[in-house]
>>> print(open('query34.cif').read())   # mmCIF, N, CA and C atoms
data_model
#
loop_
_atom_site.label_atom_id
_atom_site.label_comp_id
_atom_site.auth_asym_id
_atom_site.auth_seq_id
_atom_site.Cartn_x
_atom_site.Cartn_y
_atom_site.Cartn_z
N MET K 1 0.84 -1.18 0.00
CA MET K 1 0.00 0.00 0.00
C MET K 1 0.88 1.25 0.00
N TYR K 2 0.31 2.34 -0.50
CA TYR K 2 1.02 3.61 -0.61
C TYR K 2 0.15 4.69 0.00
N GLY K 3 0.64 5.33 1.05
CA GLY K 3 -0.09 6.42 1.70
C GLY K 3 0.56 7.75 1.40
N VAL K 4 -0.27 8.76 1.15
CA VAL K 4 0.26 10.08 0.82
C VAL K 4 -0.65 11.17 1.39
N ILE K 5 0.00 12.16 1.99
CA ILE K 5 -0.70 13.35 2.48
C ILE K 5 -0.20 14.53 1.67
N THR K 6 -1.13 15.28 1.09
CA THR K 6 -0.77 16.45 0.30
C THR K 6 -1.38 17.68 0.96
N THR K 7 -0.53 18.66 1.25
CA THR K 7 -0.97 19.90 1.87
C THR K 7 -0.82 21.02 0.84
N VAL K 8 -1.92 21.76 0.62
CA VAL K 8 -1.94 22.80 -0.41
C VAL K 8 -2.35 24.13 0.22
N PRO K 9 -1.50 25.16 0.11
CA PRO K 9 -1.85 26.48 0.65
C PRO K 9 -2.68 27.28 -0.34
N ALA K 10 -3.89 26.81 -0.58
CA ALA K 10 -4.82 27.47 -1.50
C ALA K 10 -6.22 27.36 -0.88
N PRO K 11 -7.14 28.21 -1.31
CA PRO K 11 -8.49 28.17 -0.73
C PRO K 11 -9.13 26.79 -0.84
N VAL K 12 -9.80 26.38 0.20
CA VAL K 12 -10.44 25.06 0.21
C VAL K 12 -11.49 24.96 -0.89
N GLU K 13 -12.01 26.09 -1.37
CA GLU K 13 -12.96 26.08 -2.46
C GLU K 13 -12.34 25.49 -3.73
N MET K 14 -11.03 25.64 -3.88
CA MET K 14 -10.33 25.04 -5.00
C MET K 14 -10.45 23.51 -4.92
N TYR K 15 -10.24 22.97 -3.73
CA TYR K 15 -10.42 21.53 -3.53
C TYR K 15 -11.87 21.13 -3.80
N ASP K 16 -12.81 21.89 -3.23
CA ASP K 16 -14.23 21.56 -3.39
C ASP K 16 -14.63 21.44 -4.86
N GLY K 17 -14.20 22.41 -5.67
CA GLY K 17 -14.54 22.38 -7.09
C GLY K 17 -13.90 21.22 -7.81
N MET K 18 -12.66 20.97 -7.53
CA MET K 18 -11.92 19.87 -8.16
C MET K 18 -12.53 18.53 -7.76
N HIS K 19 -12.81 18.38 -6.48
CA HIS K 19 -13.38 17.13 -5.97
C HIS K 19 -14.76 16.87 -6.59
N ALA K 20 -15.60 17.88 -6.62
CA ALA K 20 -16.94 17.72 -7.18
C ALA K 20 -16.88 17.31 -8.65
N GLU K 21 -16.00 17.93 -9.41
CA GLU K 21 -15.89 17.59 -10.84
C GLU K 21 -15.32 16.20 -11.03
N MET K 22 -14.37 15.82 -10.20
CA MET K 22 -13.79 14.48 -10.31
C MET K 22 -14.84 13.41 -9.99
N VAL K 23 -15.61 13.64 -8.94
CA VAL K 23 -16.67 12.68 -8.58
C VAL K 23 -17.71 12.62 -9.69
N ARG K 24 -18.04 13.77 -10.27
CA ARG K 24 -19.01 13.77 -11.37
C ARG K 24 -18.51 12.93 -12.54
N ARG K 25 -17.23 13.02 -12.82
CA ARG K 25 -16.68 12.32 -13.99
C ARG K 25 -16.38 10.84 -13.75
N VAL K 26 -15.78 10.53 -12.61
CA VAL K 26 -15.33 9.15 -12.42
C VAL K 26 -15.95 8.46 -11.20
N GLY K 27 -16.68 9.18 -10.38
CA GLY K 27 -17.28 8.56 -9.20
C GLY K 27 -16.21 7.96 -8.31
N ALA K 28 -16.47 6.77 -7.84
CA ALA K 28 -15.53 6.08 -6.96
C ALA K 28 -14.66 5.10 -7.73
N SER K 29 -14.69 5.17 -9.05
CA SER K 29 -14.00 4.17 -9.86
C SER K 29 -12.60 4.59 -10.28
N VAL K 30 -11.81 5.07 -9.32
CA VAL K 30 -10.41 5.40 -9.59
C VAL K 30 -9.60 4.18 -9.23
N GLY K 31 -9.03 3.53 -10.24
CA GLY K 31 -8.31 2.28 -10.03
C GLY K 31 -7.20 2.40 -9.00
N GLY K 32 -7.26 1.55 -8.01
CA GLY K 32 -6.22 1.48 -7.00
C GLY K 32 -6.41 2.38 -5.80
N LEU K 33 -7.40 3.27 -5.83
CA LEU K 33 -7.63 4.16 -4.69
C LEU K 33 -8.45 3.43 -3.63
N LEU K 34 -7.90 3.37 -2.42
CA LEU K 34 -8.59 2.71 -1.32
C LEU K 34 -9.29 3.70 -0.40
N VAL K 35 -8.64 4.86 -0.14
CA VAL K 35 -9.20 5.87 0.76
C VAL K 35 -8.79 7.25 0.26
N HIS K 36 -9.75 8.18 0.27
CA HIS K 36 -9.45 9.59 -0.01
C HIS K 36 -10.23 10.42 0.99
N ILE K 37 -9.51 11.30 1.68
CA ILE K 37 -10.14 12.23 2.62
C ILE K 37 -9.60 13.61 2.33
N GLY K 38 -10.49 14.58 2.17
CA GLY K 38 -10.09 15.97 2.00
C GLY K 38 -10.55 16.75 3.20
N ARG K 39 -9.74 17.74 3.61
CA ARG K 39 -10.13 18.56 4.76
C ARG K 39 -9.53 19.94 4.64
N ALA K 40 -10.26 20.91 5.20
CA ALA K 40 -9.75 22.28 5.26
C ALA K 40 -8.71 22.37 6.37
N THR K 41 -7.71 23.23 6.14
CA THR K 41 -6.73 23.54 7.18
C THR K 41 -6.76 25.04 7.40
N THR K 42 -5.99 25.52 8.35
CA THR K 42 -6.02 26.96 8.64
C THR K 42 -5.53 27.80 7.48
N ASP K 43 -4.68 27.23 6.62
CA ASP K 43 -4.15 28.02 5.51
C ASP K 43 -4.37 27.36 4.14
N GLY K 44 -5.37 26.51 4.03
CA GLY K 44 -5.65 25.86 2.75
C GLY K 44 -6.43 24.58 2.91
N PHE K 45 -5.88 23.50 2.30
CA PHE K 45 -6.53 22.21 2.42
C PHE K 45 -5.50 21.09 2.36
N GLN K 46 -5.96 19.91 2.73
CA GLN K 46 -5.09 18.75 2.78
C GLN K 46 -5.88 17.53 2.32
N THR K 47 -5.20 16.63 1.63
CA THR K 47 -5.80 15.35 1.29
C THR K 47 -4.95 14.25 1.89
N LEU K 48 -5.62 13.19 2.32
CA LEU K 48 -4.96 11.99 2.80
C LEU K 48 -5.50 10.86 1.94
N GLU K 49 -4.59 10.12 1.32
CA GLU K 49 -5.01 9.04 0.43
C GLU K 49 -4.21 7.78 0.72
N VAL K 50 -4.88 6.64 0.54
CA VAL K 50 -4.23 5.34 0.57
C VAL K 50 -4.53 4.66 -0.75
N TRP K 51 -3.46 4.23 -1.42
CA TRP K 51 -3.54 3.59 -2.73
C TRP K 51 -3.02 2.17 -2.63
N GLU K 52 -3.43 1.34 -3.56
CA GLU K 52 -2.89 -0.02 -3.61
C GLU K 52 -1.39 0.01 -3.84
N SER K 53 -0.90 0.99 -4.63
CA SER K 53 0.53 1.09 -4.92
C SER K 53 0.85 2.51 -5.38
N LYS K 54 2.14 2.84 -5.38
CA LYS K 54 2.58 4.13 -5.89
C LYS K 54 2.27 4.24 -7.38
N GLU K 55 2.35 3.14 -8.09
CA GLU K 55 2.05 3.14 -9.52
C GLU K 55 0.60 3.55 -9.78
N HIS K 56 -0.34 3.08 -8.97
CA HIS K 56 -1.74 3.50 -9.10
C HIS K 56 -1.88 5.00 -8.85
N TYR K 57 -1.20 5.49 -7.83
CA TYR K 57 -1.23 6.93 -7.50
C TYR K 57 -0.70 7.76 -8.67
N ASP K 58 0.47 7.37 -9.18
CA ASP K 58 1.07 8.10 -10.30
C ASP K 58 0.17 8.08 -11.53
N ARG K 59 -0.42 6.94 -11.85
CA ARG K 59 -1.27 6.80 -13.03
C ARG K 59 -2.51 7.68 -12.90
N ALA K 60 -3.12 7.73 -11.71
CA ALA K 60 -4.32 8.57 -11.51
C ALA K 60 -3.97 10.04 -11.69
N ASN K 61 -2.82 10.46 -11.22
CA ASN K 61 -2.40 11.85 -11.40
C ASN K 61 -2.21 12.16 -12.88
N ILE K 62 -1.54 11.28 -13.60
CA ILE K 62 -1.28 11.51 -15.02
C ILE K 62 -2.56 11.48 -15.85
N ASP K 63 -3.44 10.51 -15.58
CA ASP K 63 -4.63 10.30 -16.40
C ASP K 63 -5.83 11.16 -16.00
N ILE K 64 -5.94 11.52 -14.71
CA ILE K 64 -7.16 12.18 -14.23
C ILE K 64 -6.88 13.55 -13.61
N VAL K 65 -6.04 13.58 -12.59
CA VAL K 65 -5.89 14.80 -11.78
C VAL K 65 -5.25 15.94 -12.56
N PHE K 66 -4.08 15.71 -13.15
CA PHE K 66 -3.38 16.79 -13.84
C PHE K 66 -4.17 17.32 -15.05
N PRO K 67 -4.76 16.45 -15.89
CA PRO K 67 -5.57 16.98 -16.99
C PRO K 67 -6.76 17.81 -16.50
N LEU K 68 -7.41 17.38 -15.41
CA LEU K 68 -8.54 18.14 -14.88
C LEU K 68 -8.08 19.49 -14.35
N MET K 69 -6.94 19.53 -13.69
CA MET K 69 -6.40 20.82 -13.21
C MET K 69 -6.16 21.77 -14.38
N ARG K 70 -5.57 21.25 -15.46
CA ARG K 70 -5.32 22.11 -16.63
C ARG K 70 -6.63 22.58 -17.25
N GLU K 71 -7.61 21.69 -17.32
CA GLU K 71 -8.90 22.05 -17.90
C GLU K 71 -9.61 23.12 -17.07
N LEU K 72 -9.63 22.95 -15.76
CA LEU K 72 -10.31 23.92 -14.90
C LEU K 72 -9.61 25.27 -14.89
N ALA K 73 -8.31 25.28 -15.16
CA ALA K 73 -7.58 26.55 -15.22
C ALA K 73 -7.94 27.32 -16.48
N GLY K 74 -8.43 26.61 -17.52
CA GLY K 74 -8.83 27.27 -18.77
C GLY K 74 -7.66 27.95 -19.43
N ASP K 75 -7.88 29.18 -19.89
CA ASP K 75 -6.83 29.95 -20.55
C ASP K 75 -5.84 30.56 -19.57
N GLN K 76 -6.19 30.55 -18.30
CA GLN K 76 -5.30 31.13 -17.30
C GLN K 76 -4.22 30.12 -16.93
N ALA K 77 -3.07 30.64 -16.62
CA ALA K 77 -2.01 29.76 -16.11
C ALA K 77 -2.44 29.26 -14.75
N PRO K 78 -2.20 27.97 -14.46
CA PRO K 78 -2.56 27.48 -13.13
C PRO K 78 -1.81 28.26 -12.05
N PRO K 79 -2.45 28.49 -10.92
CA PRO K 79 -1.78 29.24 -9.87
C PRO K 79 -0.53 28.52 -9.40
N SER K 80 0.46 29.28 -9.02
CA SER K 80 1.68 28.70 -8.46
C SER K 80 1.37 28.29 -7.03
N ILE K 81 1.33 27.00 -6.81
CA ILE K 81 0.97 26.49 -5.49
C ILE K 81 2.13 25.67 -4.96
N GLY K 82 2.61 26.05 -3.81
CA GLY K 82 3.70 25.31 -3.19
C GLY K 82 3.19 24.16 -2.35
N GLN K 83 2.60 23.17 -3.02
CA GLN K 83 2.05 22.05 -2.27
C GLN K 83 3.17 21.18 -1.73
N ALA K 84 2.92 20.56 -0.60
CA ALA K 84 3.88 19.64 0.02
C ALA K 84 3.26 18.25 0.06
N THR K 85 4.05 17.26 -0.32
CA THR K 85 3.58 15.89 -0.32
C THR K 85 4.44 15.07 0.63
N GLU K 86 3.77 14.31 1.47
CA GLU K 86 4.46 13.47 2.45
C GLU K 86 3.90 12.05 2.31
N THR K 87 4.77 11.08 2.17
CA THR K 87 4.31 9.69 2.12
C THR K 87 4.38 9.09 3.52
N PHE K 88 3.60 8.05 3.74
CA PHE K 88 3.62 7.38 5.03
C PHE K 88 3.38 5.88 4.85
N ASP K 89 3.90 5.11 5.80
CA ASP K 89 3.67 3.67 5.79
C ASP K 89 2.29 3.41 6.37
N VAL K 90 1.49 2.68 5.63
CA VAL K 90 0.15 2.32 6.10
C VAL K 90 0.32 1.09 7.00
N ARG K 91 -0.01 1.24 8.25
CA ARG K 91 0.17 0.16 9.22
C ARG K 91 -1.09 -0.69 9.38
N GLY K 92 -2.21 -0.11 9.10
CA GLY K 92 -3.46 -0.84 9.22
C GLY K 92 -4.53 -0.08 8.45
N LEU K 93 -5.44 -0.82 7.87
CA LEU K 93 -6.52 -0.19 7.12
C LEU K 93 -7.76 -1.06 7.26
N VAL K 94 -8.83 -0.47 7.74
CA VAL K 94 -10.10 -1.18 7.87
C VAL K 94 -11.16 -0.35 7.19
N ILE K 95 -11.86 -0.95 6.22
CA ILE K 95 -12.98 -0.29 5.56
C ILE K 95 -14.17 -1.24 5.69
N PRO K 96 -14.97 -1.08 6.74
CA PRO K 96 -16.04 -2.03 7.01
C PRO K 96 -17.13 -2.05 5.93
N ARG K 97 -17.34 -0.96 5.26
CA ARG K 97 -18.28 -0.95 4.15
C ARG K 97 -17.68 -0.09 3.05
N GLY K 98 -17.97 -0.43 1.85
CA GLY K 98 -17.34 0.27 0.74
C GLY K 98 -18.33 1.02 -0.13
N ASN K 99 -17.81 1.49 -1.25
CA ASN K 99 -18.58 2.20 -2.25
C ASN K 99 -19.23 3.46 -1.70
N VAL K 100 -18.46 4.22 -0.92
CA VAL K 100 -18.94 5.49 -0.36
C VAL K 100 -18.29 6.62 -1.13
N VAL K 101 -19.10 7.52 -1.68
CA VAL K 101 -18.60 8.71 -2.38
C VAL K 101 -19.35 9.91 -1.83
N ALA K 102 -18.60 10.89 -1.31
CA ALA K 102 -19.25 12.08 -0.75
C ALA K 102 -18.55 13.32 -1.20
#
>>> encode(input="query34.cif", output="structure tokens")
Amino acid sequence: MYGVITTVPAPVEMYDGMHAEMVRRVGASVGGLLVHIGRATTDGFQTLEVWESKEHYDRANIDIVFPLMRELAGDQAPPSIGQATETFDVRGLVIPRGNVVA
């Protein structure tokens, strides 16, 4: 398993819009994604994700996340965001019921 926390110093509304559009397009059918949690922080937002592997994470970014970011930016250059990514070892994971999209 591959765990990653991404911290972004941008308005949480940016996350909200991106998340809503991603759910509209792909729902919960992102290959290899086991858990995704988004939350507001005092200076932006943060996501915590657990993937089956780093390869699944990288593929989702290339195929889904980055193209959507470029599309939502439109003719404007995407904002310069100094996001920080931290990986972690997943020690335990329990998902008692699945297929939840919110």
>>> closest_residue(input="query34.cif", among="K:Lys54, K:His36, K:Arg59, K:Arg70", to="His19 (chain K)", atoms="only C-alpha atoms")
K:His36
>>> residues_near_point(input="query34.cif", point="(4.7, 16.0, -0.7)", cutoff="8 Å", atoms="only N, CA and C atoms", output="PyMOL selection string")
chain K and resi 4-7+83-87
>>> write_last_selection(input="query34.cif", atoms="N, CA and C atoms", output="PDB file, in the frame of the given file")
ATOM      1  N   VAL K   4      -0.270   8.760   1.150  1.00  0.00           N
ATOM      2  CA  VAL K   4       0.260  10.080   0.820  1.00  0.00           C
ATOM      3  C   VAL K   4      -0.650  11.170   1.390  1.00  0.00           C
ATOM      4  N   ILE K   5       0.000  12.160   1.990  1.00  0.00           N
ATOM      5  CA  ILE K   5      -0.700  13.350   2.480  1.00  0.00           C
ATOM      6  C   ILE K   5      -0.200  14.530   1.670  1.00  0.00           C
ATOM      7  N   THR K   6      -1.130  15.280   1.090  1.00  0.00           N
ATOM      8  CA  THR K   6      -0.770  16.450   0.300  1.00  0.00           C
ATOM      9  C   THR K   6      -1.380  17.680   0.960  1.00  0.00           C
ATOM     10  N   THR K   7      -0.530  18.660   1.250  1.00  0.00           N
ATOM     11  CA  THR K   7      -0.970  19.900   1.870  1.00  0.00           C
ATOM     12  C   THR K   7      -0.820  21.020   0.840  1.00  0.00           C
ATOM     13  N   GLN K  83       2.600  23.170  -3.020  1.00  0.00           N
ATOM     14  CA  GLN K  83       2.050  22.050  -2.270  1.00  0.00           C
ATOM     15  C   GLN K  83       3.170  21.180  -1.730  1.00  0.00           C
ATOM     16  N   ALA K  84       2.920  20.560  -0.600  1.00  0.00           N
ATOM     17  CA  ALA K  84       3.880  19.640   0.020  1.00  0.00           C
ATOM     18  C   ALA K  84       3.260  18.250   0.060  1.00  0.00           C
ATOM     19  N   THR K  85       4.050  17.260  -0.320  1.00  0.00           N
ATOM     20  CA  THR K  85       3.580  15.890  -0.320  1.00  0.00           C
ATOM     21  C   THR K  85       4.440  15.070   0.630  1.00  0.00           C
ATOM     22  N   GLU K  86       3.770  14.310   1.470  1.00  0.00           N
ATOM     23  CA  GLU K  86       4.460  13.470   2.450  1.00  0.00           C
ATOM     24  C   GLU K  86       3.900  12.050   2.310  1.00  0.00           C
ATOM     25  N   THR K  87       4.770  11.080   2.170  1.00  0.00           N
ATOM     26  CA  THR K  87       4.310   9.690   2.120  1.00  0.00           C
ATOM     27  C   THR K  87       4.380   9.090   3.520  1.00  0.00           C
TER      28      THR K  87
END
>>> atom_distance(input="query34.cif", atom1="atom N of Ala40 (chain K)", atom2="CA of Glu55 (chain K)")
26.2 Å
>>> atom_distance(input="query34.cif", atom1="atom N of Met14 (chain K)", atom2="atom C of Asp43 (chain K)")
10.6 Å
>>> select_by_dssp(input="query34.cif", residues="region 9-53 of chain K", states="strand (DSSP E or B)", output="list in words")
Leu33, Leu34, Val35, His36, Ile37, Gly38, Arg39, Ala40, Thr41, Gly44, Phe45, Gln46, Thr47, Leu48, Glu49, Val50 and Trp51 of chain K
>>> atom_distance(input="query34.cif", atom1="CA of Gly38 (chain K)", atom2="CA of Ala73 (chain K)")
20.4 Å
>>> resolve_selection(input="query34.cif", expression="the PyMOL selection byres ((chain K and resi 25-35) around 8)", output="number ranges by chain")
K: 19-24, 36-38, 48-53, 55-57, 60, 99-102
>>> select_by_dssp(input="query34.cif", residues="chain K", states="alpha helix (DSSP H)", output="PDB file with N, CA and C atoms, in the coordinates of the input")
ATOM      1  N   VAL K  12      -9.800  26.380   0.200  1.00  0.00           N
ATOM      2  CA  VAL K  12     -10.440  25.060   0.210  1.00  0.00           C
ATOM      3  C   VAL K  12     -11.490  24.960  -0.890  1.00  0.00           C
ATOM      4  N   GLU K  13     -12.010  26.090  -1.370  1.00  0.00           N
ATOM      5  CA  GLU K  13     -12.960  26.080  -2.460  1.00  0.00           C
ATOM      6  C   GLU K  13     -12.340  25.490  -3.730  1.00  0.00           C
ATOM      7  N   MET K  14     -11.030  25.640  -3.880  1.00  0.00           N
ATOM      8  CA  MET K  14     -10.330  25.040  -5.000  1.00  0.00           C
ATOM      9  C   MET K  14     -10.450  23.510  -4.920  1.00  0.00           C
ATOM     10  N   TYR K  15     -10.240  22.970  -3.730  1.00  0.00           N
ATOM     11  CA  TYR K  15     -10.420  21.530  -3.530  1.00  0.00           C
ATOM     12  C   TYR K  15     -11.870  21.130  -3.800  1.00  0.00           C
ATOM     13  N   ASP K  16     -12.810  21.890  -3.230  1.00  0.00           N
ATOM     14  CA  ASP K  16     -14.230  21.560  -3.390  1.00  0.00           C
ATOM     15  C   ASP K  16     -14.630  21.440  -4.860  1.00  0.00           C
ATOM     16  N   GLY K  17     -14.200  22.410  -5.670  1.00  0.00           N
ATOM     17  CA  GLY K  17     -14.540  22.380  -7.090  1.00  0.00           C
ATOM     18  C   GLY K  17     -13.900  21.220  -7.810  1.00  0.00           C
ATOM     19  N   MET K  18     -12.660  20.970  -7.530  1.00  0.00           N
ATOM     20  CA  MET K  18     -11.920  19.870  -8.160  1.00  0.00           C
ATOM     21  C   MET K  18     -12.530  18.530  -7.760  1.00  0.00           C
ATOM     22  N   HIS K  19     -12.810  18.380  -6.480  1.00  0.00           N
ATOM     23  CA  HIS K  19     -13.380  17.130  -5.970  1.00  0.00           C
ATOM     24  C   HIS K  19     -14.760  16.870  -6.590  1.00  0.00           C
ATOM     25  N   ALA K  20     -15.600  17.880  -6.620  1.00  0.00           N
ATOM     26  CA  ALA K  20     -16.940  17.720  -7.180  1.00  0.00           C
ATOM     27  C   ALA K  20     -16.880  17.310  -8.650  1.00  0.00           C
ATOM     28  N   GLU K  21     -16.000  17.930  -9.410  1.00  0.00           N
ATOM     29  CA  GLU K  21     -15.890  17.590 -10.840  1.00  0.00           C
ATOM     30  C   GLU K  21     -15.320  16.200 -11.030  1.00  0.00           C
ATOM     31  N   MET K  22     -14.370  15.820 -10.200  1.00  0.00           N
ATOM     32  CA  MET K  22     -13.790  14.480 -10.310  1.00  0.00           C
ATOM     33  C   MET K  22     -14.840  13.410  -9.990  1.00  0.00           C
ATOM     34  N   VAL K  23     -15.610  13.640  -8.940  1.00  0.00           N
ATOM     35  CA  VAL K  23     -16.670  12.680  -8.580  1.00  0.00           C
ATOM     36  C   VAL K  23     -17.710  12.620  -9.690  1.00  0.00           C
ATOM     37  N   ARG K  24     -18.040  13.770 -10.270  1.00  0.00           N
ATOM     38  CA  ARG K  24     -19.010  13.770 -11.370  1.00  0.00           C
ATOM     39  C   ARG K  24     -18.510  12.930 -12.540  1.00  0.00           C
ATOM     40  N   ARG K  25     -17.230  13.020 -12.820  1.00  0.00           N
ATOM     41  CA  ARG K  25     -16.680  12.320 -13.990  1.00  0.00           C
ATOM     42  C   ARG K  25     -16.380  10.840 -13.750  1.00  0.00           C
ATOM     43  N   VAL K  26     -15.780  10.530 -12.610  1.00  0.00           N
ATOM     44  CA  VAL K  26     -15.330   9.150 -12.420  1.00  0.00           C
ATOM     45  C   VAL K  26     -15.950   8.460 -11.200  1.00  0.00           C
ATOM     46  N   LYS K  54       2.140   2.840  -5.380  1.00  0.00           N
ATOM     47  CA  LYS K  54       2.580   4.130  -5.890  1.00  0.00           C
ATOM     48  C   LYS K  54       2.270   4.240  -7.380  1.00  0.00           C
ATOM     49  N   GLU K  55       2.350   3.140  -8.090  1.00  0.00           N
ATOM     50  CA  GLU K  55       2.050   3.140  -9.520  1.00  0.00           C
ATOM     51  C   GLU K  55       0.600   3.550  -9.780  1.00  0.00           C
ATOM     52  N   HIS K  56      -0.340   3.080  -8.970  1.00  0.00           N
ATOM     53  CA  HIS K  56      -1.740   3.500  -9.100  1.00  0.00           C
ATOM     54  C   HIS K  56      -1.880   5.000  -8.850  1.00  0.00           C
ATOM     55  N   TYR K  57      -1.200   5.490  -7.830  1.00  0.00           N
ATOM     56  CA  TYR K  57      -1.230   6.930  -7.500  1.00  0.00           C
ATOM     57  C   TYR K  57      -0.700   7.760  -8.670  1.00  0.00           C
ATOM     58  N   ASP K  58       0.470   7.370  -9.180  1.00  0.00           N
ATOM     59  CA  ASP K  58       1.070   8.100 -10.300  1.00  0.00           C
ATOM     60  C   ASP K  58       0.170   8.080 -11.530  1.00  0.00           C
ATOM     61  N   ARG K  59      -0.420   6.940 -11.850  1.00  0.00           N
ATOM     62  CA  ARG K  59      -1.270   6.800 -13.030  1.00  0.00           C
ATOM     63  C   ARG K  59      -2.510   7.680 -12.900  1.00  0.00           C
ATOM     64  N   ALA K  60      -3.120   7.730 -11.710  1.00  0.00           N
ATOM     65  CA  ALA K  60      -4.320   8.570 -11.510  1.00  0.00           C
ATOM     66  C   ALA K  60      -3.970  10.040 -11.690  1.00  0.00           C
ATOM     67  N   PHE K  66      -4.080  15.710 -13.150  1.00  0.00           N
ATOM     68  CA  PHE K  66      -3.380  16.790 -13.840  1.00  0.00           C
ATOM     69  C   PHE K  66      -4.170  17.320 -15.050  1.00  0.00           C
ATOM     70  N   PRO K  67      -4.760  16.450 -15.890  1.00  0.00           N
ATOM     71  CA  PRO K  67      -5.570  16.980 -16.990  1.00  0.00           C
ATOM     72  C   PRO K  67      -6.760  17.810 -16.500  1.00  0.00           C
ATOM     73  N   LEU K  68      -7.410  17.380 -15.410  1.00  0.00           N
ATOM     74  CA  LEU K  68      -8.540  18.140 -14.880  1.00  0.00           C
ATOM     75  C   LEU K  68      -8.080  19.490 -14.350  1.00  0.00           C
ATOM     76  N   MET K  69      -6.940  19.530 -13.690  1.00  0.00           N
ATOM     77  CA  MET K  69      -6.400  20.820 -13.210  1.00  0.00           C
ATOM     78  C   MET K  69      -6.160  21.770 -14.380  1.00  0.00           C
ATOM     79  N   ARG K  70      -5.570  21.250 -15.460  1.00  0.00           N
ATOM     80  CA  ARG K  70      -5.320  22.110 -16.630  1.00  0.00           C
ATOM     81  C   ARG K  70      -6.630  22.580 -17.250  1.00  0.00           C
ATOM     82  N   GLU K  71      -7.610  21.690 -17.320  1.00  0.00           N
ATOM     83  CA  GLU K  71      -8.900  22.050 -17.900  1.00  0.00           C
ATOM     84  C   GLU K  71      -9.610  23.120 -17.070  1.00  0.00           C
ATOM     85  N   LEU K  72      -9.630  22.950 -15.760  1.00  0.00           N
ATOM     86  CA  LEU K  72     -10.310  23.920 -14.900  1.00  0.00           C
ATOM     87  C   LEU K  72      -9.610  25.270 -14.890  1.00  0.00           C
ATOM     88  N   ALA K  73      -8.310  25.280 -15.160  1.00  0.00           N
ATOM     89  CA  ALA K  73      -7.580  26.550 -15.220  1.00  0.00           C
ATOM     90  C   ALA K  73      -7.940  27.320 -16.480  1.00  0.00           C
TER      91      ALA K  73
END
>>> residues_around(input="query34.cif", residues="region 88-98 of chain K", least_positions_apart="4", cutoff="7 Å", atoms="only C-alpha atoms", output="list in words")
Met1, Tyr2, Gly3 and Val4 of chain K
>>> decode(input="query34.cif", residues="region 12-49 of chain K", atoms="C-alpha atoms", output="PDB file, in the first residue's frame")
ATOM      1  CA  VAL K  12     -10.437  25.061   0.209  1.00  0.00           C
ATOM      2  CA  GLU K  13     -12.963  26.080  -2.465  1.00  0.00           C
ATOM      3  CA  MET K  14     -10.331  25.035  -5.002  1.00  0.00           C
ATOM      4  CA  TYR K  15     -10.415  21.531  -3.527  1.00  0.00           C
ATOM      5  CA  ASP K  16     -14.231  21.561  -3.387  1.00  0.00           C
ATOM      6  CA  GLY K  17     -14.541  22.382  -7.089  1.00  0.00           C
ATOM      7  CA  MET K  18     -11.923  19.871  -8.160  1.00  0.00           C
ATOM      8  CA  HIS K  19     -13.380  17.126  -5.973  1.00  0.00           C
ATOM      9  CA  ALA K  20     -16.942  17.721  -7.181  1.00  0.00           C
ATOM     10  CA  GLU K  21     -15.888  17.594 -10.835  1.00  0.00           C
ATOM     11  CA  MET K  22     -13.794  14.481 -10.311  1.00  0.00           C
ATOM     12  CA  VAL K  23     -16.668  12.682  -8.577  1.00  0.00           C
ATOM     13  CA  ARG K  24     -19.015  13.775 -11.367  1.00  0.00           C
ATOM     14  CA  ARG K  25     -16.679  12.321 -13.990  1.00  0.00           C
ATOM     15  CA  VAL K  26     -15.332   9.146 -12.416  1.00  0.00           C
ATOM     16  CA  GLY K  27     -17.277   8.560  -9.198  1.00  0.00           C
ATOM     17  CA  ALA K  28     -15.528   6.083  -6.957  1.00  0.00           C
ATOM     18  CA  SER K  29     -14.001   4.172  -9.861  1.00  0.00           C
ATOM     19  CA  VAL K  30     -10.414   5.404  -9.593  1.00  0.00           C
ATOM     20  CA  GLY K  31      -8.308   2.282 -10.031  1.00  0.00           C
ATOM     21  CA  GLY K  32      -6.216   1.481  -7.003  1.00  0.00           C
ATOM     22  CA  LEU K  33      -7.634   4.164  -4.693  1.00  0.00           C
ATOM     23  CA  LEU K  34      -8.592   2.712  -1.316  1.00  0.00           C
ATOM     24  CA  VAL K  35      -9.201   5.868   0.757  1.00  0.00           C
ATOM     25  CA  HIS K  36      -9.453   9.586  -0.013  1.00  0.00           C
ATOM     26  CA  ILE K  37     -10.136  12.227   2.624  1.00  0.00           C
ATOM     27  CA  GLY K  38     -10.087  15.968   2.001  1.00  0.00           C
ATOM     28  CA  ARG K  39     -10.132  18.559   4.759  1.00  0.00           C
ATOM     29  CA  ALA K  40      -9.755  22.279   5.260  1.00  0.00           C
ATOM     30  CA  THR K  41      -6.729  23.537   7.175  1.00  0.00           C
ATOM     31  CA  THR K  42      -6.022  26.960   8.645  1.00  0.00           C
ATOM     32  CA  ASP K  43      -4.151  28.015   5.505  1.00  0.00           C
ATOM     33  CA  GLY K  44      -5.648  25.863   2.750  1.00  0.00           C
ATOM     34  CA  PHE K  45      -6.528  22.207   2.422  1.00  0.00           C
ATOM     35  CA  GLN K  46      -5.091  18.753   2.783  1.00  0.00           C
ATOM     36  CA  THR K  47      -5.795  15.353   1.290  1.00  0.00           C
ATOM     37  CA  LEU K  48      -4.961  11.990   2.798  1.00  0.00           C
ATOM     38  CA  GLU K  49      -5.008   9.041   0.432  1.00  0.00           C
TER      39      GLU K  49
END
